[in-house]
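J.: Sharing a structure with you now.
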Amino acid sequence: MIRKSVIITGASGDIGYSIAKKFASHGYDIFATYNKGSIEKVKKLSNEYNISVYTKKMDLCLYDEIKETIQEAINTCQYIDCLICNAGTSISEKLLCDTSVDEIYKLINTNFTGTVLCNKEILNHFIKHKHGNIINISSIYGLYGGACEVVYSATKAGIIGLTKALAQECGNFNIRINAVAPGFIETKMTSCFNDNDKKNIISETPLQRLGTCDDIANTVYFLASDESSFITGETILVSGGAIKYN
């Protein structure tokens with residue numbers, strides 16, 4: 001029996017791990033990329049779910065590493081069903097005029113250009129097989145913007161534009177491209193928020209709670225599954241109903 005595989009970028013992060021675990025629980029082999037952080041937790045999914053887990057260090061700012069990594073995944077995995085572009089970075093909140101040029105380039109190259117290049121590199125493989133799913137991780141800020149998060153918001157908005165345009169381009173090849181836009185999700189990245197900050201966020205969230213990594217993983221898996229077979233070019237906001245955070 002042919003086992004499906006999924007490529008997950010940024011798999012060492014909290015959301016990346018939850019996505020990997022969700023797919024592993026459904027029998028997918030995992031090809032996990034990471035740059036910083038430990039990938040050991042993802043490796044343990046192999047024994048837990050009796051699947052294969054392959055890992056590769058990859059810097060989204062380096063095209064040669066992206067190209068090499070995607071090709072290695074194609075050569076290694078039995079049947080690649082899905083690419084999930086989850087990797088990204090952020091900086092501390094600050095006015096655009098106080099954001100350094102290096103910080104601007106880092107955000108654009110990692111969050112946007114890196115995602116575009118990952119999409120680009122998998123496409124010939126998906127086109128050849130007349131099947132594939134790409135799920136790009138954006139953000140609530142990509143939809144509505146965030147003060148003192150201008151460049152980050154712009155990169156995440158770019159991912160939504162990429163997703164919509166590429167879905168139009170690839171529909172004839174039976175390739176679906178969608179995006180997920182998380183709201184406030186409890187991760188190590190958001191652990192810097194104090195209890196008062198979190199109370200304010202909850203008060204602005206209709207469902208009156210913070211999001212979890214599993215909330216994102218469940219949505220990503222839905223978009224990769226046959227249950228969403230007539231959905232492409234869409235961005236699903238997973239925010240508990242919130243549209244902005246003051």
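Ordering of the structure tokens sets the chain letters (A, B, ...); residue numbers start at 1 within each chain; ligands are numbered from 1 in the order shown.
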Against region 160-170 of chain A, which residues of region 89-139 of chain A fall within 12 Å? For each one I want the closest pair of atoms and the distance in Å (one decimal), counting only C-alpha atoms, rows by chain and increasing residue number, as a tab-separated table.
T.:
```
residue	atom	partner	partner_atom	distance
A:Asn111	CA	A:Ile160	CA	11.7
A:Phe112	CA	A:Leu162	CA	9.1
A:Thr113	CA	A:Leu162	CA	10.4
A:Gly114	CA	A:Leu162	CA	11.9
A:Thr115	CA	A:Leu162	CA	9.1
A:Val116	CA	A:Leu162	CA	7.4
A:Leu117	CA	A:Leu162	CA	11.0
A:Cys118	CA	A:Leu162	CA	11.8
A:Asn119	CA	A:Leu166	CA	9.0
A:Lys120	CA	A:Leu166	CA	9.8
A:Leu123	CA	A:Cys170	CA	8.8
A:Asn124	CA	A:Cys170	CA	10.7
A:Phe126	CA	A:Cys170	CA	9.5
A:Ile127	CA	A:Cys170	CA	8.1
A:Lys128	CA	A:Cys170	CA	11.8
A:Lys130	CA	A:Cys170	CA	9.6
A:His131	CA	A:Cys170	CA	9.8
A:Gly132	CA	A:Cys170	CA	9.6
A:Asn133	CA	A:Ala167	CA	10.0
A:Ile134	CA	A:Thr163	CA	8.6
A:Ile135	CA	A:Thr163	CA	8.3
A:Asn136	CA	A:Thr163	CA	7.2
A:Ile137	CA	A:Ile160	CA	8.8
A:Ser138	CA	A:Ile160	CA	6.7
A:Ser139	CA	A:Ile160	CA	9.1
```
J.: Residues within 12 Å of Phe222 (chain A), please, as a VMD selection string. Count only C-alpha atoms; anything in the same chain fewer than 4 positions from it doesn't count.
T.: chain A and resid 19 22 to 23 26 82 133 135 178 to 180 215 to 218 226 to 231 236
J.: Give me the residues within 12 Å of region 62-66 of chain A as number ranges by chain, counting only C-alpha atoms and dropping any in the same chain fewer than 3 places off.
T.: A: 9, 33-35, 56-59, 69-73, 85, 106, 109-110, 113-122
J.: Excluding same-chain residues fewer than 2 positions from Gly183 (chain A), what lies within 12 Å of it counting only C-alpha atoms, as a ChimeraX atom specification?
T.: /A:137-146,180-181,185-187,190,201-202,204-205,209-213,215-216,236-245
J.: Could you write out that same residue set with N, CA and C atoms as a compact mmCIF listing (two decimals), in the first residue's frame?
T.:
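File produced: out15.txt:
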```
# COMPACT_ATOMS: atom_id res chain seq x y z
N ILE A 137 0.67 29.02 5.61
CA ILE A 137 0.24 29.59 6.88
C ILE A 137 0.44 31.10 6.84
N SER A 138 -0.65 31.84 6.92
CA SER A 138 -0.63 33.29 6.94
C SER A 138 -0.85 33.75 8.37
N SER A 139 -1.69 34.74 8.57
CA SER A 139 -1.96 35.28 9.91
C SER A 139 -3.18 36.18 9.84
N ILE A 140 -3.82 36.39 10.99
CA ILE A 140 -4.90 37.37 11.07
C ILE A 140 -4.41 38.74 10.62
N TYR A 141 -3.11 39.02 10.85
CA TYR A 141 -2.55 40.30 10.43
C TYR A 141 -2.45 40.39 8.91
N GLY A 142 -2.38 39.26 8.24
CA GLY A 142 -2.37 39.28 6.78
C GLY A 142 -3.71 39.69 6.20
N LEU A 143 -4.76 39.48 6.96
CA LEU A 143 -6.11 39.87 6.54
C LEU A 143 -6.46 41.28 6.95
N TYR A 144 -6.11 41.66 8.18
CA TYR A 144 -6.58 42.93 8.74
C TYR A 144 -5.47 43.90 9.13
N GLY A 145 -4.23 43.44 9.10
CA GLY A 145 -3.12 44.31 9.48
C GLY A 145 -3.00 44.46 10.97
N GLY A 146 -1.81 44.86 11.39
CA GLY A 146 -1.58 45.08 12.81
C GLY A 146 -0.63 46.24 13.02
N VAL A 180 -4.21 29.18 5.80
CA VAL A 180 -4.78 29.27 7.14
C VAL A 180 -4.21 30.51 7.80
N ALA A 181 -5.09 31.32 8.39
CA ALA A 181 -4.67 32.55 9.05
C ALA A 181 -4.96 32.44 10.55
N ILE A 185 -2.62 32.42 19.07
CA ILE A 185 -2.45 31.01 19.41
C ILE A 185 -1.41 30.91 20.51
N GLU A 186 -1.68 30.12 21.53
CA GLU A 186 -0.73 29.95 22.62
C GLU A 186 0.45 29.09 22.17
N THR A 187 1.60 29.72 22.00
CA THR A 187 2.84 29.05 21.61
C THR A 187 3.99 29.70 22.39
N THR A 190 4.28 33.35 21.62
CA THR A 190 3.35 34.29 22.27
C THR A 190 3.44 34.24 23.79
N ILE A 201 -7.03 40.04 25.15
CA ILE A 201 -7.23 39.31 23.89
C ILE A 201 -8.47 38.43 23.97
N ILE A 202 -8.64 37.76 25.09
CA ILE A 202 -9.83 36.91 25.27
C ILE A 202 -11.10 37.76 25.23
N GLU A 204 -11.64 40.29 23.51
CA GLU A 204 -11.89 40.70 22.13
C GLU A 204 -12.21 39.51 21.23
N THR A 205 -12.24 38.32 21.81
CA THR A 205 -12.48 37.09 21.05
C THR A 205 -13.88 36.56 21.35
N ARG A 209 -11.79 32.51 24.42
CA ARG A 209 -10.63 31.72 24.81
C ARG A 209 -9.49 31.99 23.84
N LEU A 210 -8.31 31.56 24.20
CA LEU A 210 -7.16 31.64 23.31
C LEU A 210 -7.13 30.42 22.41
N GLY A 211 -6.52 30.57 21.25
CA GLY A 211 -6.41 29.45 20.33
C GLY A 211 -5.31 28.49 20.74
N THR A 212 -5.42 27.26 20.29
CA THR A 212 -4.40 26.24 20.55
C THR A 212 -3.76 25.81 19.23
N CYS A 213 -2.61 25.20 19.34
CA CYS A 213 -1.94 24.67 18.15
C CYS A 213 -2.78 23.60 17.47
N ASP A 215 -5.98 23.65 17.22
CA ASP A 215 -6.98 24.33 16.40
C ASP A 215 -6.45 24.57 14.99
N ILE A 216 -5.17 24.95 14.89
CA ILE A 216 -4.56 25.18 13.58
C ILE A 216 -4.34 23.86 12.86
N ILE A 236 -8.66 30.51 5.48
CA ILE A 236 -9.53 30.26 6.63
C ILE A 236 -8.92 30.93 7.86
N LEU A 237 -9.68 31.85 8.43
CA LEU A 237 -9.25 32.54 9.64
C LEU A 237 -9.61 31.68 10.85
N VAL A 238 -8.62 31.36 11.65
CA VAL A 238 -8.83 30.55 12.86
C VAL A 238 -8.48 31.42 14.05
N SER A 239 -9.48 32.18 14.52
CA SER A 239 -9.23 33.21 15.53
C SER A 239 -10.28 33.28 16.61
N GLY A 240 -11.19 32.32 16.64
CA GLY A 240 -12.27 32.39 17.63
C GLY A 240 -13.25 33.51 17.36
N GLY A 241 -13.23 34.04 16.14
CA GLY A 241 -14.14 35.12 15.78
C GLY A 241 -13.53 36.50 15.85
N ALA A 242 -12.32 36.61 16.41
CA ALA A 242 -11.67 37.93 16.50
C ALA A 242 -11.21 38.38 15.11
N ILE A 243 -11.28 39.68 14.87
CA ILE A 243 -10.76 40.20 13.61
C ILE A 243 -9.62 41.19 13.85
N LYS A 244 -9.39 41.58 15.10
CA LYS A 244 -8.23 42.42 15.40
C LYS A 244 -7.98 42.37 16.90
N TYR A 245 -6.77 42.73 17.28
CA TYR A 245 -6.40 42.81 18.68
C TYR A 245 -5.87 44.20 18.96
```
J.: Under the rule that only C-alpha atoms are counted, which of A:Cys148, A:Ala157, A:Ala224, A:Ile51 is the nearest residue to Ile177 (chain A)?
T.: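 Distance minimum relative to Ile177 (chain A) lands on A:Ala224.
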J.: Check the DSSP output for the backbone and give back, as a ChimeraX atom specification, the residues of region 29-164 of chain A in strand (DSSP E or B).
T.: /A:29-34,53-57,79-85,132-137
J.: Can you list, as an MDAnalysis selection string, every residue of region 145-224 of chain A that DSSP puts in helix (DSSP H, G or I)?
T.: chainID A and resid 150:173 188:190 195:203 213:224
J.: How about saving the chosen residues, C-alpha atoms kept, as a short mmCIF file (atom, residue, chain, number, x, y, z; two decimals), in the first residue's frame?
T.:
```cif
data_model
loop_
_atom_site.label_atom_id
_atom_site.label_comp_id
_atom_site.auth_asym_id
_atom_site.auth_seq_id
_atom_site.Cartn_x
_atom_site.Cartn_y
_atom_site.Cartn_z
CA VAL A 150 3.57 46.44 9.51
CA VAL A 151 6.19 44.38 7.67
CA TYR A 152 5.04 41.15 9.28
CA SER A 153 1.46 41.98 8.22
CA ALA A 154 2.63 42.73 4.68
CA THR A 155 4.43 39.39 4.36
CA LYS A 156 1.39 37.49 5.60
CA ALA A 157 -0.89 39.45 3.24
CA GLY A 158 1.47 38.50 0.43
CA ILE A 159 1.00 34.83 1.30
CA ILE A 160 -2.76 35.25 0.88
CA GLY A 161 -2.24 36.87 -2.53
CA LEU A 162 0.12 34.06 -3.51
CA THR A 163 -2.44 31.47 -2.45
CA LYS A 164 -5.30 33.03 -4.40
CA ALA A 165 -3.30 33.53 -7.59
CA LEU A 166 -1.63 30.12 -7.54
CA ALA A 167 -4.96 28.38 -6.98
CA GLN A 168 -6.19 29.97 -10.22
CA GLU A 169 -3.02 28.87 -12.01
CA CYS A 170 -3.00 25.27 -10.81
CA GLY A 171 -6.64 24.19 -10.72
CA ASN A 172 -6.40 22.52 -14.14
CA PHE A 173 -3.66 20.28 -12.76
CA LYS A 188 6.36 29.77 22.82
CA MET A 189 6.33 32.75 20.43
CA THR A 190 3.35 34.29 22.27
CA ASP A 195 -1.79 37.59 31.92
CA ASN A 196 -3.37 41.02 31.48
CA ASP A 197 -2.53 41.02 27.76
CA LYS A 198 -4.12 37.60 27.41
CA LYS A 199 -7.25 38.72 29.30
CA ASN A 200 -7.63 41.62 26.88
CA ILE A 201 -7.23 39.31 23.89
CA ILE A 202 -9.83 36.91 25.27
CA SER A 203 -12.23 39.81 25.84
CA CYS A 213 -1.94 24.67 18.15
CA ASP A 214 -4.40 21.83 17.68
CA ASP A 215 -6.98 24.33 16.40
CA ILE A 216 -4.56 25.18 13.58
CA ALA A 217 -3.52 21.58 12.95
CA ASN A 218 -7.15 20.44 12.65
CA THR A 219 -7.89 23.15 10.08
CA VAL A 220 -4.77 22.38 8.08
CA TYR A 221 -5.61 18.68 7.99
CA PHE A 222 -9.15 19.44 6.85
CA LEU A 223 -7.80 21.48 3.93
CA ALA A 224 -5.47 18.64 2.97
#
```
J.: Return the single residue from A:Glu149, A:Asp29, A:Glu40, A:Glu234 that is closest to Asp98 (chain A), with distances computed using only C-alpha atoms.
T.: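 Nearest to Asp98 (chain A): A:Glu149.
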J.: Could you jot down the CA of Tyr28 (chain A) to CA of Gly13 (chain A) separation for me, Å, one decimal place?
T.: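 Rounded to one decimal, the two atoms are 19.0 Å apart.
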